[in-house]
Amino acid sequence: MNKHEIQVTVDIVVFTIHQHRLNVLLIQRGIPPFKGQYALPGGFVLANETLEAAAFRELHEETGTENVYLEQLFTFGDPKRDPRGRVVTVAFYALVPSDQSPLIAGTDAAAAGWFTVDELPPVAFDHLKIIDYAVNRLRNKLEYTTVGFELLPKKFTLTALQVLHEAILGRALDKRNFRRKILALGLVKATKEMEATGRKPARLYSFRNAK
C-alpha cells in the first residue's frame with residue numbers, strides 16, 4: 001500500500017443479545033497489522049462496489065453473517081488510525097437476533113466470538129472508539145425509533161422486549177411502566193400464541209408494520 005494514497009475501508013459493529021446482555025462480534029485477525037488481536041469485521045472497499053455492498057461482503061466473508069439489518073454509522077479518518085498508511089473507514093452497525101447469530105471465521109479471520117460491550121478484550125486500530133460510538137447511537141435511537149426491534153425474533157414476549165431494552169440501555173426498567181408505555185405507543189400487537197415459560201404461559205407479541 002502506498003503511504004501517500006488514501007484507501008477506504010468499512011468496519012461493522014455487529015450487535016446481538018446474549019444472556020440478557022448486549023454483545024458485539026469481534027474477529028481475531030489472522031494477518032498483519034495487529035495479527036492475533038481482536039478487531040471488528042471489515043476490510044478494504046473494492047473499486048467496483050458501494051460502501052454497503054462492501055460491508056455485506058466483509059460480514060459474509062469474515063463471519064458468515066448475511067441478511068441482517070445494516071445502517072451506516074460514521075466516518076473515522078484520523079491520519080494515524082492505521083499503521084499501513086492513510087486509511088479512512090466508514091463504520092456501520094448491524095443487528096442480529098440471538099436465534100440467528102452466527103459464529104464462523106473465514107478468509108483473514110483466525111477466530112470469531114461474541115463479547116459483552118462492557119467486557120471487551122484489547123482491540124486493534126481505533127475499533128474501541130467505533131464500538132463506543134455505535135453503542136451510544138443504538139441507545140439514543142432506541143428512545144425514538146424501533147431500530148432495536150431487529151434484535152428480536154418475529155414473535156416475542158413483553159418480558160423479552162423489556163430485557164432487550166435493559167440490555168441496550170444498561171439499566172433496569174420498571175416492569176409496569178415499561179409495559180404501559182410500549183402498549184400505549186401501539187408498536188406491538190398480541191398474537192393468539194402463548195409461550196410456555198415457568199408456571200404461567202406468556203402471551204407472544206409481534207411488531208406492527210411501523211416505520
# chains A, B, ... in the order shown; residues from 1 in each chain; ligands from 1
call {"tool": "closest_atom_pairs", "arguments": {"of": "segment 68-120 of chain A", "to": "segment 130-148 of chain A", "cutoff": "8 Å", "atoms": "only C-alpha atoms", "output": "Markdown table"}}
result
| residue | atom | partner | partner_atom | distance |
| --- | --- | --- | --- | --- |
| A:Leu73 | CA | A:Ala134 | CA | 6.9 |
| A:Ala91 | CA | A:Ile130 | CA | 7.3 |
| A:Tyr93 | CA | A:Ala134 | CA | 6.6 |
| A:Leu95 | CA | A:Gly148 | CA | 7.7 |
call {"tool": "residues_around", "arguments": {"residues": "segment 153-161 of chain A", "least_positions_apart": "4", "cutoff": "7 Å", "atoms": "only C-alpha atoms", "output": "PyMOL selection string"}}
result
chain A and resi 97+165+202-206
call {"tool": "atom_distance", "arguments": {"atom1": "atom CA of Val87 of chain A", "atom2": "atom CA of Ile27 of chain A"}}
result
19.5 Å
call {"tool": "atom_distance", "arguments": {"atom1": "atom CA of Lys189 of chain A", "atom2": "atom CA of Val163 of chain A"}}
result
17.8 Å
call {"tool": "atom_distance", "arguments": {"atom1": "atom CA of Thr116 of chain A", "atom2": "atom CA of Leu183 of chain A"}}
result
29.4 Å
call {"tool": "select_by_dssp", "arguments": {"residues": "chain A", "states": "strand (DSSP E or B)", "output": "PyMOL selection string"}}
result
chain A and resi 7-18+21-29+38-39+42-44+69-76+87-95+109-116+123+156+188-195+202-207
call {"tool": "select_by_dssp", "arguments": {"residues": "segment 5-152 of chain A", "states": "helix (DSSP H, G or I)", "output": "PyMOL selection string"}}
result
chain A and resi 51-63+98-100+127-142+147-151
call {"tool": "write_last_selection", "arguments": {"atoms": "N, CA and C atoms", "output": "short mmCIF file (atom, residue, chain, number, x, y, z; two decimals), in the first residue's frame"}}
result
data_model
loop_
_atom_site.label_atom_id
_atom_site.label_comp_id
_atom_site.auth_asym_id
_atom_site.auth_seq_id
_atom_site.Cartn_x
_atom_site.Cartn_y
_atom_site.Cartn_z
N LEU A 51 -20.29 1.23 -0.68
CA LEU A 51 -19.90 1.03 0.71
C LEU A 51 -20.73 -0.05 1.38
N GLU A 52 -22.04 -0.02 1.15
CA GLU A 52 -22.93 -1.01 1.75
C GLU A 52 -22.63 -2.41 1.24
N ALA A 53 -22.37 -2.53 -0.07
CA ALA A 53 -22.03 -3.83 -0.64
C ALA A 53 -20.74 -4.36 -0.02
N ALA A 54 -19.77 -3.47 0.18
CA ALA A 54 -18.51 -3.88 0.80
C ALA A 54 -18.74 -4.37 2.22
N ALA A 55 -19.61 -3.68 2.96
CA ALA A 55 -19.90 -4.08 4.34
C ALA A 55 -20.55 -5.46 4.38
N PHE A 56 -21.53 -5.70 3.52
CA PHE A 56 -22.19 -7.01 3.48
C PHE A 56 -21.20 -8.10 3.07
N ARG A 57 -20.33 -7.80 2.10
CA ARG A 57 -19.36 -8.78 1.64
C ARG A 57 -18.39 -9.15 2.76
N GLU A 58 -17.86 -8.14 3.45
CA GLU A 58 -16.92 -8.41 4.52
C GLU A 58 -17.57 -9.19 5.66
N LEU A 59 -18.81 -8.85 5.98
CA LEU A 59 -19.52 -9.59 7.02
C LEU A 59 -19.64 -11.06 6.66
N HIS A 60 -20.00 -11.32 5.42
CA HIS A 60 -20.18 -12.71 4.99
C HIS A 60 -18.86 -13.45 4.94
N GLU A 61 -17.82 -12.81 4.42
CA GLU A 61 -16.52 -13.46 4.29
C GLU A 61 -15.88 -13.76 5.64
N GLU A 62 -16.03 -12.84 6.60
CA GLU A 62 -15.31 -12.98 7.86
C GLU A 62 -16.10 -13.66 8.96
N THR A 63 -17.43 -13.63 8.88
CA THR A 63 -18.23 -14.18 9.98
C THR A 63 -19.35 -15.10 9.53
N SER A 98 -30.73 -13.01 18.45
CA SER A 98 -29.91 -14.01 19.12
C SER A 98 -30.11 -15.41 18.56
N ASP A 99 -31.29 -15.69 18.01
CA ASP A 99 -31.53 -17.02 17.46
C ASP A 99 -30.95 -17.18 16.05
N GLN A 100 -30.34 -16.11 15.54
CA GLN A 100 -29.73 -16.18 14.21
C GLN A 100 -28.26 -15.78 14.22
N HIS A 127 -10.86 0.67 16.95
CA HIS A 127 -12.15 -0.01 16.96
C HIS A 127 -12.91 0.13 18.27
N LEU A 128 -12.21 0.36 19.37
CA LEU A 128 -12.92 0.60 20.63
C LEU A 128 -13.72 1.90 20.53
N LYS A 129 -13.14 2.91 19.91
CA LYS A 129 -13.83 4.19 19.71
C LYS A 129 -15.06 3.99 18.83
N ILE A 130 -14.93 3.16 17.80
CA ILE A 130 -16.05 2.90 16.90
C ILE A 130 -17.16 2.15 17.63
N ILE A 131 -16.78 1.17 18.46
CA ILE A 131 -17.77 0.41 19.22
C ILE A 131 -18.52 1.33 20.18
N ASP A 132 -17.80 2.18 20.90
CA ASP A 132 -18.44 3.11 21.83
C ASP A 132 -19.42 4.03 21.09
N TYR A 133 -19.03 4.48 19.93
CA TYR A 133 -19.90 5.35 19.13
C TYR A 133 -21.16 4.59 18.73
N ALA A 134 -21.01 3.33 18.33
CA ALA A 134 -22.16 2.52 17.90
C ALA A 134 -23.11 2.23 19.06
N VAL A 135 -22.56 1.95 20.24
CA VAL A 135 -23.40 1.69 21.42
C VAL A 135 -24.22 2.92 21.76
N ASN A 136 -23.60 4.08 21.75
CA ASN A 136 -24.32 5.32 22.04
C ASN A 136 -25.39 5.60 20.99
N ARG A 137 -25.08 5.35 19.72
CA ARG A 137 -26.08 5.56 18.66
C ARG A 137 -27.28 4.64 18.87
N LEU A 138 -27.01 3.36 19.18
CA LEU A 138 -28.09 2.40 19.37
C LEU A 138 -28.96 2.80 20.57
N ARG A 139 -28.33 3.22 21.65
CA ARG A 139 -29.10 3.63 22.83
C ARG A 139 -29.95 4.85 22.54
N ASN A 140 -29.41 5.81 21.83
CA ASN A 140 -30.17 7.01 21.51
C ASN A 140 -31.35 6.70 20.58
N LYS A 141 -31.12 5.85 19.57
CA LYS A 141 -32.18 5.55 18.62
C LYS A 141 -33.27 4.70 19.24
N LEU A 142 -32.93 3.95 20.28
CA LEU A 142 -33.93 3.13 20.96
C LEU A 142 -35.02 3.99 21.58
N VAL A 147 -35.60 0.70 15.87
CA VAL A 147 -34.44 0.02 15.30
C VAL A 147 -33.99 -1.17 16.15
N GLY A 148 -34.07 -1.07 17.47
CA GLY A 148 -33.63 -2.17 18.32
C GLY A 148 -34.46 -3.42 18.18
N PHE A 149 -35.67 -3.28 17.61
CA PHE A 149 -36.55 -4.43 17.46
C PHE A 149 -35.95 -5.48 16.53
N GLU A 150 -34.97 -5.08 15.71
CA GLU A 150 -34.32 -6.03 14.80
C GLU A 150 -33.56 -7.11 15.57
N LEU A 151 -33.34 -6.92 16.85
CA LEU A 151 -32.62 -7.89 17.66
C LEU A 151 -33.53 -8.99 18.21
#
call {"tool": "residues_around", "arguments": {"residues": "Gln7 of chain A", "least_positions_apart": "2", "cutoff": "12 Å", "atoms": "only C-alpha atoms", "output": "list in words"}}
result
Met1, Asn2, Lys3, His4, Glu5, Thr9, Val10, Gly43, Phe44, Val45, Leu46, Ala47, Gly77, Pro79, Asp82, Arg84, Gly85, Arg86, Val87, Val88, Thr89 and Val90 of chain A
call {"tool": "write_last_selection", "arguments": {"atoms": "C-alpha atoms", "output": "PDB file, in the first residue's frame"}}
result
ATOM      1  CA  MET A   1       0.000   0.000   0.000  1.00  0.00           C
ATOM      2  CA  ASN A   2       1.335   3.430  -0.999  1.00  0.00           C
ATOM      3  CA  LYS A   3       1.535   5.553   2.175  1.00  0.00           C
ATOM      4  CA  HIS A   4       0.633   8.673   0.174  1.00  0.00           C
ATOM      5  CA  GLU A   5      -2.520   7.052  -1.237  1.00  0.00           C
ATOM      6  CA  THR A   9     -12.346   0.578   4.354  1.00  0.00           C
ATOM      7  CA  VAL A  10     -15.565  -0.475   6.044  1.00  0.00           C
ATOM      8  CA  GLY A  43     -11.837  -4.581   5.086  1.00  0.00           C
ATOM      9  CA  PHE A  44     -10.987  -2.535   2.028  1.00  0.00           C
ATOM     10  CA  VAL A  45     -13.681  -1.336  -0.360  1.00  0.00           C
ATOM     11  CA  LEU A  46     -13.245  -2.676  -3.886  1.00  0.00           C
ATOM     12  CA  ALA A  47     -13.214  -0.281  -6.830  1.00  0.00           C
ATOM     13  CA  GLY A  77     -10.392   9.393   9.385  1.00  0.00           C
ATOM     14  CA  PRO A  79      -4.418  10.088   9.812  1.00  0.00           C
ATOM     15  CA  ASP A  82      -3.945   2.609  10.581  1.00  0.00           C
ATOM     16  CA  ARG A  84      -0.424   0.747   6.886  1.00  0.00           C
ATOM     17  CA  GLY A  85      -0.947   4.334   5.766  1.00  0.00           C
ATOM     18  CA  ARG A  86      -3.775   6.816   5.186  1.00  0.00           C
ATOM     19  CA  VAL A  87      -6.953   4.802   5.644  1.00  0.00           C
ATOM     20  CA  VAL A  88     -10.422   6.293   6.064  1.00  0.00           C
ATOM     21  CA  THR A  89     -13.057   3.888   7.357  1.00  0.00           C
ATOM     22  CA  VAL A  90     -16.814   4.101   7.040  1.00  0.00           C
TER      23      VAL A  90
END
call {"tool": "closest_residue", "arguments": {"among": "A:Phe115, A:Phe125, A:Phe76, A:Tyr69", "to": "Pro32 of chain A", "atoms": "only C-alpha atoms"}}
result
A:Phe125
